[in-house]
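Novice: For reference, the structure I am asking about is given below.
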Amino acid sequence: MFEGKNGMSIDNIDEIGENHIATSAETPLREDAFDISDSEKISIIQDKVKDILITLGMDLTDDSLQGTPKRVAKSFVNELFAGLNPANKPELSTFDNTYKYGEMLVEKNIVVYSTCEHHLLPIVGRAHVAYISKGKVIGLSKMNRIVEHFAKRPQVQERLTMQVVQALQEALGTDDVACVIDAKHLCVNSRGIKDIESSTVTAEYGGAFKKKDVKRELLDYIKLETNV
């Protein structure tokens with residue numbers, strides 16, 4: 001019988017029901033996660049997806065379905081979950097803040113496409129990322145890319161929010177980093193309660209952003225409409 005790290009067996013899953021479980025700010029990966037190549041992973045996943053579709057009763061000899069197992073496998077490894085591989089993490093090069101800009105910088109409305117790790121259904125929304133320089137600045141596109149990197153893996157939104165902040169804190173050498181994410185979860189919108197209107201908001205505030213006035217300033221920036 002399969003047993004989790006906390007002693008939870010597969011037999012307990014039904015008892016948990018729809019309860020949201022998050023275990024760590026780190027993505028749960030096995031030590032041997034990258035012992036095989038991407039092409040080997042695609043081949044293995046392709047066979048598993050084929051088995052799933054056959055079990056569901058699908059006719060894989062149909063022209064529309066023949067390529068589905070391989071397409072799904074390639075999208076898992078090369079696209080949807082490419083952020084699992086640390087080799088794909090973007091290089092977060094920084095520069096000296098020679099112009100001495102001392103206010104917060106906010107990159108708002110960064111598109112988030114991720115996948116809920118509980119049902120493997122999409123999470124779609126927007127991220128707002130901010131930092132206050134302590135001598136280093138980072139290219140604007142790098143903020144988008146770090147959100148994209150951590151989103152491209154099976155995720156929970158709380159962990160994604162924290163991982164973005166932690167990565168930028170490390171790159172910039174400052175605790176003064178914040179991230180707010182507002183996203184819809186298709187595991188809520190398309191199944192279960194089937195509530196298509198609700199969204200989930202998470203936030204991680206580091207350093208100066210924990211101060212009430214600084215946090216308020218950030219939230220006011222996020223509310224600003226951008227019409228350009």
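For the structure tokens, the naming scheme is as follows: chains receive sequential letters (A, B, ...) according to their order of presentation, residues are indexed from 1 within each chain, and ligands are indexed from 1 in presentation order.
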Hey, which bits of stretch 157-202 of chain A sit within 12 Å of stretch 79-102 of chain A, and for each residue what's the closest pair of atoms and how far apart in Å (one decimal), counting only C-alpha atoms, rows by chain and increasing number, as a tab-separated table?
Specialist:
```
residue	atom	partner	partner_atom	distance
A:Leu160	CA	A:Gly83	CA	11.4
A:Gln163	CA	A:Gly83	CA	11.9
A:Val164	CA	A:Lys89	CA	11.7
A:Ala167	CA	A:Leu92	CA	8.8
A:Leu168	CA	A:Leu92	CA	8.1
A:Gln169	CA	A:Leu92	CA	10.8
A:Glu170	CA	A:Leu92	CA	9.5
A:Ala171	CA	A:Leu92	CA	6.3
A:Leu172	CA	A:Thr94	CA	6.9
A:Gly173	CA	A:Thr94	CA	9.9
A:Asp176	CA	A:Gly102	CA	11.7
```
Novice: Select from stretch 48-172 of chain A everything DSSP, run on the backbone, classes as strand (DSSP E or B), then give the selection as a ChimeraX atom specification.
Specialist: /A:94-96,104-116,122-132,136-138,154-155
Novice: Pull the alpha helix (DSSP H) assignments for stretch 79-215 of chain A out of DSSP run on the backbone, and list those residues as a PyMOL selection string.
Specialist: chain A and resi 140-151+157-172+186-189+212-215
Novice: Could you take the residues named above and write them with N, CA and C atoms, as a short mmCIF file (atom, residue, chain, number, x, y, z; two decimals), in the first residue's frame?
Specialist:
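So part39.cif came out as:
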```cif
data_model
loop_
_atom_site.label_atom_id
_atom_site.label_comp_id
_atom_site.auth_asym_id
_atom_site.auth_seq_id
_atom_site.Cartn_x
_atom_site.Cartn_y
_atom_site.Cartn_z
N LEU A 140 12.63 43.87 -16.08
CA LEU A 140 11.19 43.68 -15.88
C LEU A 140 10.73 42.32 -16.38
N SER A 141 11.22 41.89 -17.52
CA SER A 141 10.76 40.61 -18.09
C SER A 141 11.16 39.44 -17.20
N LYS A 142 12.21 39.60 -16.41
CA LYS A 142 12.64 38.51 -15.53
C LYS A 142 11.60 38.24 -14.45
N MET A 143 10.87 39.27 -14.06
CA MET A 143 9.82 39.08 -13.06
C MET A 143 8.68 38.23 -13.65
N ASN A 144 8.35 38.49 -14.92
CA ASN A 144 7.36 37.66 -15.60
C ASN A 144 7.86 36.23 -15.74
N ARG A 145 9.13 36.10 -16.07
CA ARG A 145 9.67 34.75 -16.34
C ARG A 145 9.76 33.91 -15.07
N ILE A 146 10.02 34.54 -13.92
CA ILE A 146 10.11 33.75 -12.70
C ILE A 146 8.72 33.29 -12.27
N VAL A 147 7.70 34.11 -12.52
CA VAL A 147 6.32 33.67 -12.27
C VAL A 147 5.99 32.49 -13.18
N GLU A 148 6.33 32.63 -14.45
CA GLU A 148 6.05 31.56 -15.40
C GLU A 148 6.76 30.26 -15.02
N HIS A 149 8.01 30.38 -14.59
CA HIS A 149 8.80 29.19 -14.25
C HIS A 149 8.14 28.40 -13.12
N PHE A 150 7.79 29.07 -12.04
CA PHE A 150 7.21 28.35 -10.91
C PHE A 150 5.76 27.94 -11.16
N ALA A 151 5.10 28.61 -12.11
CA ALA A 151 3.74 28.23 -12.45
C ALA A 151 3.71 26.94 -13.27
N GLN A 157 -1.61 27.38 -5.03
CA GLN A 157 -1.39 28.81 -5.24
C GLN A 157 -0.57 29.43 -4.13
N GLU A 158 -0.75 28.97 -2.90
CA GLU A 158 0.02 29.51 -1.79
C GLU A 158 1.52 29.29 -2.01
N ARG A 159 1.86 28.08 -2.44
CA ARG A 159 3.28 27.76 -2.67
C ARG A 159 3.85 28.59 -3.81
N LEU A 160 3.08 28.72 -4.89
CA LEU A 160 3.52 29.52 -6.03
C LEU A 160 3.85 30.94 -5.60
N THR A 161 2.97 31.53 -4.80
CA THR A 161 3.17 32.91 -4.33
C THR A 161 4.46 33.02 -3.52
N MET A 162 4.70 32.07 -2.65
CA MET A 162 5.89 32.09 -1.81
C MET A 162 7.15 31.86 -2.63
N GLN A 163 7.10 30.95 -3.59
CA GLN A 163 8.29 30.63 -4.39
C GLN A 163 8.73 31.83 -5.23
N VAL A 164 7.78 32.58 -5.77
CA VAL A 164 8.13 33.78 -6.54
C VAL A 164 8.86 34.78 -5.65
N VAL A 165 8.34 35.01 -4.46
CA VAL A 165 8.97 35.97 -3.54
C VAL A 165 10.36 35.49 -3.13
N GLN A 166 10.49 34.24 -2.76
CA GLN A 166 11.78 33.71 -2.31
C GLN A 166 12.84 33.79 -3.40
N ALA A 167 12.46 33.49 -4.65
CA ALA A 167 13.43 33.54 -5.75
C ALA A 167 13.91 34.96 -6.00
N LEU A 168 13.01 35.93 -5.93
CA LEU A 168 13.40 37.32 -6.16
C LEU A 168 14.17 37.90 -4.98
N GLN A 169 13.84 37.47 -3.78
CA GLN A 169 14.61 37.91 -2.61
C GLN A 169 16.06 37.45 -2.74
N GLU A 170 16.24 36.23 -3.17
CA GLU A 170 17.60 35.69 -3.33
C GLU A 170 18.35 36.44 -4.43
N ALA A 171 17.68 36.70 -5.55
CA ALA A 171 18.34 37.36 -6.67
C ALA A 171 18.69 38.82 -6.36
N LEU A 172 17.79 39.51 -5.67
CA LEU A 172 17.96 40.94 -5.42
C LEU A 172 18.72 41.25 -4.13
N LEU A 186 -9.84 25.71 -11.98
CA LEU A 186 -10.86 24.94 -12.69
C LEU A 186 -11.33 23.72 -11.90
N CYS A 187 -10.56 23.32 -10.88
CA CYS A 187 -11.04 22.23 -10.02
C CYS A 187 -12.23 22.71 -9.19
N VAL A 188 -12.36 24.02 -9.02
CA VAL A 188 -13.53 24.61 -8.35
C VAL A 188 -14.58 25.01 -9.39
N ASN A 189 -14.12 25.59 -10.52
CA ASN A 189 -15.04 26.14 -11.51
C ASN A 189 -15.73 25.08 -12.36
N LYS A 212 2.16 48.22 7.42
CA LYS A 212 0.79 48.49 6.99
C LYS A 212 0.73 49.52 5.87
N ASP A 213 1.50 50.62 5.98
CA ASP A 213 1.43 51.68 4.99
C ASP A 213 2.03 51.26 3.66
N VAL A 214 3.11 50.47 3.70
CA VAL A 214 3.75 50.00 2.47
C VAL A 214 2.85 48.97 1.77
N LYS A 215 2.27 48.10 2.54
CA LYS A 215 1.33 47.12 1.99
C LYS A 215 0.15 47.83 1.34
#
```
Novice: Excluding A:Tyr113 and any residue of its chain fewer than 5 positions from it, enumerate the residues within 8 Å of it, using only C-alpha atoms, and give them as a compact mmCIF listing (two decimals) with N, CA and C atoms, in the first residue's frame.
Specialist:
```
# COMPACT_ATOMS: atom_id res chain seq x y z
N PRO A 122 -6.43 23.27 -14.72
CA PRO A 122 -5.75 24.57 -14.82
C PRO A 122 -6.07 25.54 -13.69
N ILE A 123 -5.06 26.37 -13.40
CA ILE A 123 -5.19 27.57 -12.57
C ILE A 123 -4.85 28.73 -13.50
N VAL A 124 -5.76 29.70 -13.61
CA VAL A 124 -5.57 30.82 -14.53
C VAL A 124 -5.82 32.12 -13.80
N GLY A 125 -4.88 33.06 -13.89
CA GLY A 125 -5.10 34.33 -13.19
C GLY A 125 -4.01 35.34 -13.48
N GLU A 148 6.33 32.63 -14.45
CA GLU A 148 6.05 31.56 -15.40
C GLU A 148 6.76 30.26 -15.02
N ALA A 151 5.10 28.61 -12.11
CA ALA A 151 3.74 28.23 -12.45
C ALA A 151 3.71 26.94 -13.27
N LYS A 152 4.79 26.68 -14.01
CA LYS A 152 4.82 25.52 -14.89
C LYS A 152 5.19 24.25 -14.13
```
Novice: Find the residues near A:Cys116: any atom within 6 Å, counting only C-alpha atoms, skip ones fewer than 5 places away on the same chain, and give them as a PDB file with N, CA, C and O atoms, in the first residue's frame.
Specialist:
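Final output, part.pdb:
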```
ATOM      1  N   LEU A 121      -5.917  20.130 -12.964  1.00  0.00           N
ATOM      2  CA  LEU A 121      -6.736  21.027 -13.762  1.00  0.00           C
ATOM      3  C   LEU A 121      -6.131  22.431 -13.713  1.00  0.00           C
ATOM      4  O   LEU A 121      -5.392  22.765 -12.788  1.00  0.00           O
ATOM      5  N   PRO A 154       2.946  21.175 -11.265  1.00  0.00           N
ATOM      6  CA  PRO A 154       1.774  20.960 -10.413  1.00  0.00           C
ATOM      7  C   PRO A 154       1.920  21.844  -9.174  1.00  0.00           C
ATOM      8  O   PRO A 154       2.952  21.802  -8.506  1.00  0.00           O
ATOM      9  N   GLN A 155       0.906  22.642  -8.880  1.00  0.00           N
ATOM     10  CA  GLN A 155       1.071  23.678  -7.868  1.00  0.00           C
ATOM     11  C   GLN A 155      -0.128  23.783  -6.932  1.00  0.00           C
ATOM     12  O   GLN A 155      -1.224  23.307  -7.227  1.00  0.00           O
ATOM     13  N   VAL A 156       0.122  24.434  -5.804  1.00  0.00           N
ATOM     14  CA  VAL A 156      -0.928  25.058  -5.017  1.00  0.00           C
ATOM     15  C   VAL A 156      -0.599  26.549  -5.028  1.00  0.00           C
ATOM     16  O   VAL A 156       0.573  26.933  -5.054  1.00  0.00           O
TER      17      VAL A 156
END
```
Novice: Residues at most 12 Å from A:Met58, counting only C-alpha atoms, excluding those fewer than 6 positions away in the same chain, as a list in words?
Specialist: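 Once the adjacent positions are removed, what remains is Val49, Lys50, Asp51, Ile52, Ser64, Leu65, Gln66, Thr68 and Pro69 of chain A.
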